[in-house]
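Here's the structure we're looking at; comments come further down.
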Amino acid sequence: MNLVDITNVINSYLWSVAMIGLCLGVGIFFSIRLGFFQIRLIKDMVKHLLGGESSDNGISSFQGFSMALGGRIGVGNIAGVATAICFGGPGAVFWMWVYAFLGAGAAFAESVLAQTWKQEIDGEYRGGPAYYIEKGTGIKALAILFAIAGVIANAFTGPTIQAFNIAEATKNAFGVPALASGIVVAAIFAIIIFGGVKRIGSFAEKVVPVMAGVYILLMFIILAVNIKNVPSMFALIFKSAFNMEAVFGAIWGQTIMWGVKRAVYSSEAGMGSGAQASAAAEVSHPAKQGLAQSFSVYCDTLFVCTATALMVLSTGMYNVAGPKEGTFIIQNLPGVDAGTGYTQAAIDTLIPGLGPAFIAVAIFFFAFTTILSFGFYADCNIAFLFRKNKHLKQIQVAIKLLLTAMIVFGSVKSSAVAWNLADVGVGFMAWVNLIALILLYKPVIKILKDYEYQKKLGIDPVFEPEKLGIKNAELWSDIVKRRYAALLEQKKKIMGEKDQNVAS
């Protein structure tokens, strides 16, 4: 048995029905225990997403949101959604929406925990599953294993796959050689990543909202052109989701599976990756960043993934595979494999020939922001593993240089082993993180209750872990001291200005 076969077997266990069930179960559990905050606190989600400021140690809430969203929005939003429609039918889109709603609960939990047990390393905030597993559960060995898997998935295998997709798309659309594409992408990546978390956050907050907005705008244009198909399209989504459309009855079991799986892969809610971006934010209370990050799940799945789905379905540019291999229930695109080809064909109905070029540009931005997030996530886990090593800075530089080289390598060479190893790394991270979320559910509930209690008192919530019985969150004592010192200074300044006005 070769390495490809071995990794295939491992992935069959890691990414099984049990994984999908665990993701759903964790999402449902936190949604219920947190009183469906996804609905109750939607205004707070938007408020904390747009509010907040950066500091010398951390980035703003919006920058943290943009970094996490940049990591979530990737090639899967274009190709993965089309694949879900092909193998699960139009009803898969509905179950994708369901998980986006429930997954927001898991995203809140992991982001809150990341903020609670974040650390200040080399003058910047770092955190994520490795940190809160160690501090919250005390199981250090598990935290180390997560960090090692995170480095492998984010510094070695993940970047090569994204770089290959960029190179392949630009070559097909514009004839750019793969090596040239890889060198350019690697150079831009190096300029940003070596600027630290602040430069990554600054780039993400400018690029991610624009790239997502343009993609969604194109969806609205295509829907407007095909407005007569929209009512029947939504009817088809809901009917096939509940097995009320007879033609899709043979694959109904796959409908739920593919819808949830696509949303899990895309949003990464509960998998721990977005939590690492959450920890870098400067906020006065962990719940604020948890609410902001929950909204990123909506943006990824309800907005960007849905844009792909509605473009494909409203134009009829898709196939639906039958229960037997090689058969089709619907075959509107003979000879076109499931993936980006469906989305290209949908865009071509608007302006013939536009599809490949637009998708190439979209893949560049989607995949590039994902690589940037990978770079930051790898750095977080390296900082965890070597935070007591005097050569930490040199190790971090070496990993960034290695990641830059992997971008060039991945542009010219793709392999089944790389794809499988990436899935193994991410799958292992997901299992560990989901189990950790269950073990640490009590602090999450306490923190949201504390946030809402302070809000009812009419004050801006400030997190003091000792009052909630939360241990090992020493950094927050310093954060609270700095915050109160800043408020006192501001009060003195206001009082001084009033005294001057009275004197004059």
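Starting from 1 in every chain, residues are counted up; chains themselves are A, B, ... following the order of the structure tokens, and ligands are numbered from 1 as listed.
Neighbours of Phe220 in chain A closer than or equal to 9 Å, with only C-alpha atoms counted and sequence neighbours fewer than 4 positions away skipped, come out as Ile216, Ala224, Val225, Ala307 and Met311 of chain A.
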Same residues, C-alpha atoms, saved as a PDB file, in the first residue's frame:
```pdb
ATOM      1  CA  ILE A 216     -22.087  38.643  -4.746  1.00  0.00           C
ATOM      2  CA  ALA A 224     -31.814  39.861 -12.465  1.00  0.00           C
ATOM      3  CA  VAL A 225     -31.189  38.634 -16.021  1.00  0.00           C
ATOM      4  CA  ALA A 307     -23.848  33.279  -4.712  1.00  0.00           C
ATOM      5  CA  MET A 311     -25.711  31.563 -10.301  1.00  0.00           C
TER       6      MET A 311
END
```
* To do: Could you give me, as a VMD selection string, the residues within 12 Å of range 16-26 of chain A, counting only C-alpha atoms and dropping anything in the same chain fewer than 4 positions from it?
  => chain A and resid 8 to 12 30 to 34 95 to 96 98 to 110 253 to 254 256 to 265 267 to 272 426 to 441
Please tabulate, as JSON lines, the residues of range 125-217 of chain A that come within 9 Å of range 280-286 of chain A, each with its closest pair of atoms and the distance in Å to one decimal, counting only C-alpha atoms and ordering rows by chain, then residue number upward.
```
{"residue": "A:Tyr125", "atom": "CA", "partner": "A:Ala280", "partner_atom": "CA", "distance": 4.9}
{"residue": "A:Arg126", "atom": "CA", "partner": "A:Ala280", "partner_atom": "CA", "distance": 5.7}
{"residue": "A:Gly127", "atom": "CA", "partner": "A:Ala280", "partner_atom": "CA", "distance": 7.0}
{"residue": "A:Val197", "atom": "CA", "partner": "A:Ala280", "partner_atom": "CA", "distance": 7.9}
```
Would you mind exporting C-alpha atoms of the selected residues as a PDB file, in the first residue's frame?
```
ATOM      1  CA  TYR A 125      -1.451  38.456  20.589  1.00  0.00           C
ATOM      2  CA  ARG A 126      -1.459  34.772  19.680  1.00  0.00           C
ATOM      3  CA  GLY A 127      -4.053  32.133  20.452  1.00  0.00           C
ATOM      4  CA  VAL A 197      -0.093  40.354  11.835  1.00  0.00           C
TER       5      VAL A 197
END
```
* Residues within 8 Å of range 143-147 of chain A, only C-alpha atoms, excluding chain neighbours under 2 positions, as number ranges by chain -> A: 129-131, 133-134, 139-141, 149-151, 381-382, 384-385, 428-429, 432
* **Test item, helix (DSSP H, G or I) assignment across range 113-255 of chain A, answer as JSON, numbers by chain** => {"A": [113, 114, 115, 116, 129, 130, 131, 132, 133, 134, 135, 136, 137, 140, 141, 142, 143, 144, 145, 146, 147, 148, 149, 150, 151, 152, 153, 154, 155, 156, 157, 158, 159, 160, 161, 162, 163, 164, 165, 166, 167, 168, 169, 170, 171, 172, 173, 174, 178, 179, 180, 181, 182, 183, 184, 185, 186, 187, 188, 189, 190, 191, 192, 193, 196, 197, 198, 199, 200, 201, 202, 203, 204, 205, 206, 207, 208, 209, 210, 211, 212, 213, 214, 215, 216, 217, 218, 219, 220, 221, 222, 223, 224, 225, 227, 228, 229, 230, 231, 232, 233, 234, 235, 236, 237, 238, 239, 240, 241, 246, 247, 248, 249, 250, 251, 252, 253, 254, 255]}
* To do: Pick out each residue of range 24-260 of chain A that DSSP on the backbone tags as strand (DSSP E); I need them as a list in words.
  => Gln119, Glu120, Ile121, Glu124, Tyr125 and Arg126 of chain A
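Residues within 9 Å of Thr306 in chain A, counting only C-alpha atoms and excluding same-chain residues fewer than 5 positions away, are Asn77, Val81, Val93, Met96, Trp97, Ile216, Met219, Asp300, Thr301 and Met311 of chain A.
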* Structure fact -> Judged by only C-alpha atoms, the minimum distance to Gln344 in chain A among A:Phe164, A:Phe328, A:Tyr318, A:Tyr13 is found for A:Tyr318
* Asked: Could you name the residues that touch Asp348 in chain A at 12 Å or less, counting only C-alpha atoms, but leaving out those on the same chain fewer than 4 positions away, as a PyMOL selection string?
  -> chain A and resi 218+222+311-312+315-317+341-344+352-359
* Structure fact -> In terms of only C-alpha atoms, the residue from A:Leu69, A:Leu50, A:Ser60, A:Thr160 at minimal distance from Leu421 in chain A is A:Thr160
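Reported to one decimal place, the separation of CA of Ile351 in chain A from CA of Gly213 in chain A is 19.5 Å.
For the atom pair formed by CA of Ala155 in chain A and CA of Val424 in chain A, the distance is 13.8 Å, given to one decimal.
Shortest atom-to-atom contact with Glu464 in chain A among A:Thr116, A:Arg199, A:Lys135, A:Leu223: A:Thr116, counting only C-alpha atoms.
Minimum distance to Ser294 in chain A across A:Ile6, A:Met45, A:Ile237, A:Ile28 (counting only C-alpha atoms) occurs at A:Met45.
Within 8 Å of Ile407 in chain A, once only C-alpha atoms are used and residues closer than 6 positions along the same chain are dropped, the contacting residues are Pro159, Thr160, Ala163, Gly182, Ile183, Val185 and Ala186 of chain A.
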* Asked: Can you list, as a ChimeraX atom specification, every protein, DNA or RNA residue that comes within 12 Å of Ile399 in chain A when you count only C-alpha atoms, leaving out same-chain residues fewer than 2 positions away?
  -> /A:151-152,154-156,190,193-194,374-383,392-397,401-406
Written selection (N, CA and C atoms) as a CSV table (one decimal), in the first residue's frame:
```csv
chain,number,residue,atom,x,y,z
A,151,VAL,N,0.8,23.2,11.9
A,151,VAL,CA,2.0,23.6,11.2
A,151,VAL,C,2.1,22.9,9.8
A,152,ILE,N,1.9,21.6,9.9
A,152,ILE,CA,1.9,20.7,8.7
A,152,ILE,C,0.9,21.2,7.7
A,154,ASN,N,-0.9,24.0,7.5
A,154,ASN,CA,-0.9,25.4,7.1
A,154,ASN,C,0.4,25.9,6.4
A,155,ALA,N,1.5,25.2,6.8
A,155,ALA,CA,2.8,25.7,6.2
A,155,ALA,C,3.3,24.8,5.1
A,156,PHE,N,2.9,23.5,5.0
A,156,PHE,CA,3.4,22.6,4.0
A,156,PHE,C,2.4,22.3,2.9
A,190,ALA,N,5.2,37.2,0.4
A,190,ALA,CA,6.4,37.5,1.3
A,190,ALA,C,6.3,38.9,1.8
A,193,ILE,N,3.4,38.9,4.5
A,193,ILE,CA,3.6,38.1,5.7
A,193,ILE,C,4.7,38.5,6.5
A,194,PHE,N,5.8,39.0,6.0
A,194,PHE,CA,6.9,39.5,6.8
A,194,PHE,C,6.6,40.8,7.5
A,374,PHE,N,-3.3,31.0,6.1
A,374,PHE,CA,-2.5,29.8,6.4
A,374,PHE,C,-1.1,30.2,7.0
A,375,GLY,N,-0.5,31.3,6.5
A,375,GLY,CA,0.7,31.8,7.0
A,375,GLY,C,0.6,32.3,8.4
A,376,PHE,N,-0.5,33.0,8.7
A,376,PHE,CA,-0.7,33.4,10.1
A,376,PHE,C,-1.0,32.3,11.0
A,377,TYR,N,-1.8,31.3,10.6
A,377,TYR,CA,-2.2,30.2,11.4
A,377,TYR,C,-0.9,29.3,11.7
A,378,ALA,N,0.0,29.1,10.7
A,378,ALA,CA,1.2,28.4,11.0
A,378,ALA,C,2.1,29.1,12.0
A,379,ASP,N,2.1,30.5,11.9
A,379,ASP,CA,2.9,31.3,12.8
A,379,ASP,C,2.4,31.1,14.2
A,380,CYS,N,1.1,31.1,14.4
A,380,CYS,CA,0.4,30.9,15.7
A,380,CYS,C,0.9,29.6,16.4
A,381,ASN,N,0.9,28.6,15.6
A,381,ASN,CA,1.2,27.3,16.1
A,381,ASN,C,2.7,27.1,16.4
A,382,ILE,N,3.5,27.8,15.5
A,382,ILE,CA,5.0,27.8,15.8
A,382,ILE,C,5.3,28.5,17.0
A,383,ALA,N,4.6,29.7,17.2
A,383,ALA,CA,4.8,30.5,18.5
A,383,ALA,C,4.4,29.7,19.7
A,392,LEU,N,13.0,31.8,18.8
A,392,LEU,CA,11.7,31.8,18.2
A,392,LEU,C,11.6,32.7,16.9
A,393,LYS,N,12.2,33.9,16.9
A,393,LYS,CA,12.1,34.8,15.8
A,393,LYS,C,12.8,34.1,14.5
A,394,GLN,N,13.9,33.5,14.8
A,394,GLN,CA,14.6,32.8,13.6
A,394,GLN,C,13.8,31.7,13.1
A,395,ILE,N,13.1,30.9,14.0
A,395,ILE,CA,12.3,29.8,13.6
A,395,ILE,C,11.1,30.3,12.7
A,396,GLN,N,10.5,31.4,13.2
A,396,GLN,CA,9.3,32.0,12.5
A,396,GLN,C,9.7,32.5,11.1
A,397,VAL,N,10.9,33.1,11.0
A,397,VAL,CA,11.4,33.5,9.7
A,397,VAL,C,11.6,32.3,8.8
A,401,LEU,N,9.8,31.6,5.2
A,401,LEU,CA,10.6,31.4,3.9
A,401,LEU,C,10.2,30.0,3.3
A,402,LEU,N,10.0,29.0,4.2
A,402,LEU,CA,9.6,27.7,3.7
A,402,LEU,C,8.2,27.8,3.0
A,403,LEU,N,7.3,28.5,3.6
A,403,LEU,CA,6.0,28.6,3.1
A,403,LEU,C,6.0,29.4,1.8
A,404,THR,N,6.9,30.4,1.6
A,404,THR,CA,7.0,31.1,0.4
A,404,THR,C,7.5,30.2,-0.7
A,405,ALA,N,8.5,29.3,-0.4
A,405,ALA,CA,9.0,28.3,-1.3
A,405,ALA,C,8.0,27.3,-1.7
A,406,MET,N,7.1,26.9,-0.8
A,406,MET,CA,6.1,25.9,-1.1
A,406,MET,C,5.0,26.5,-2.1
```
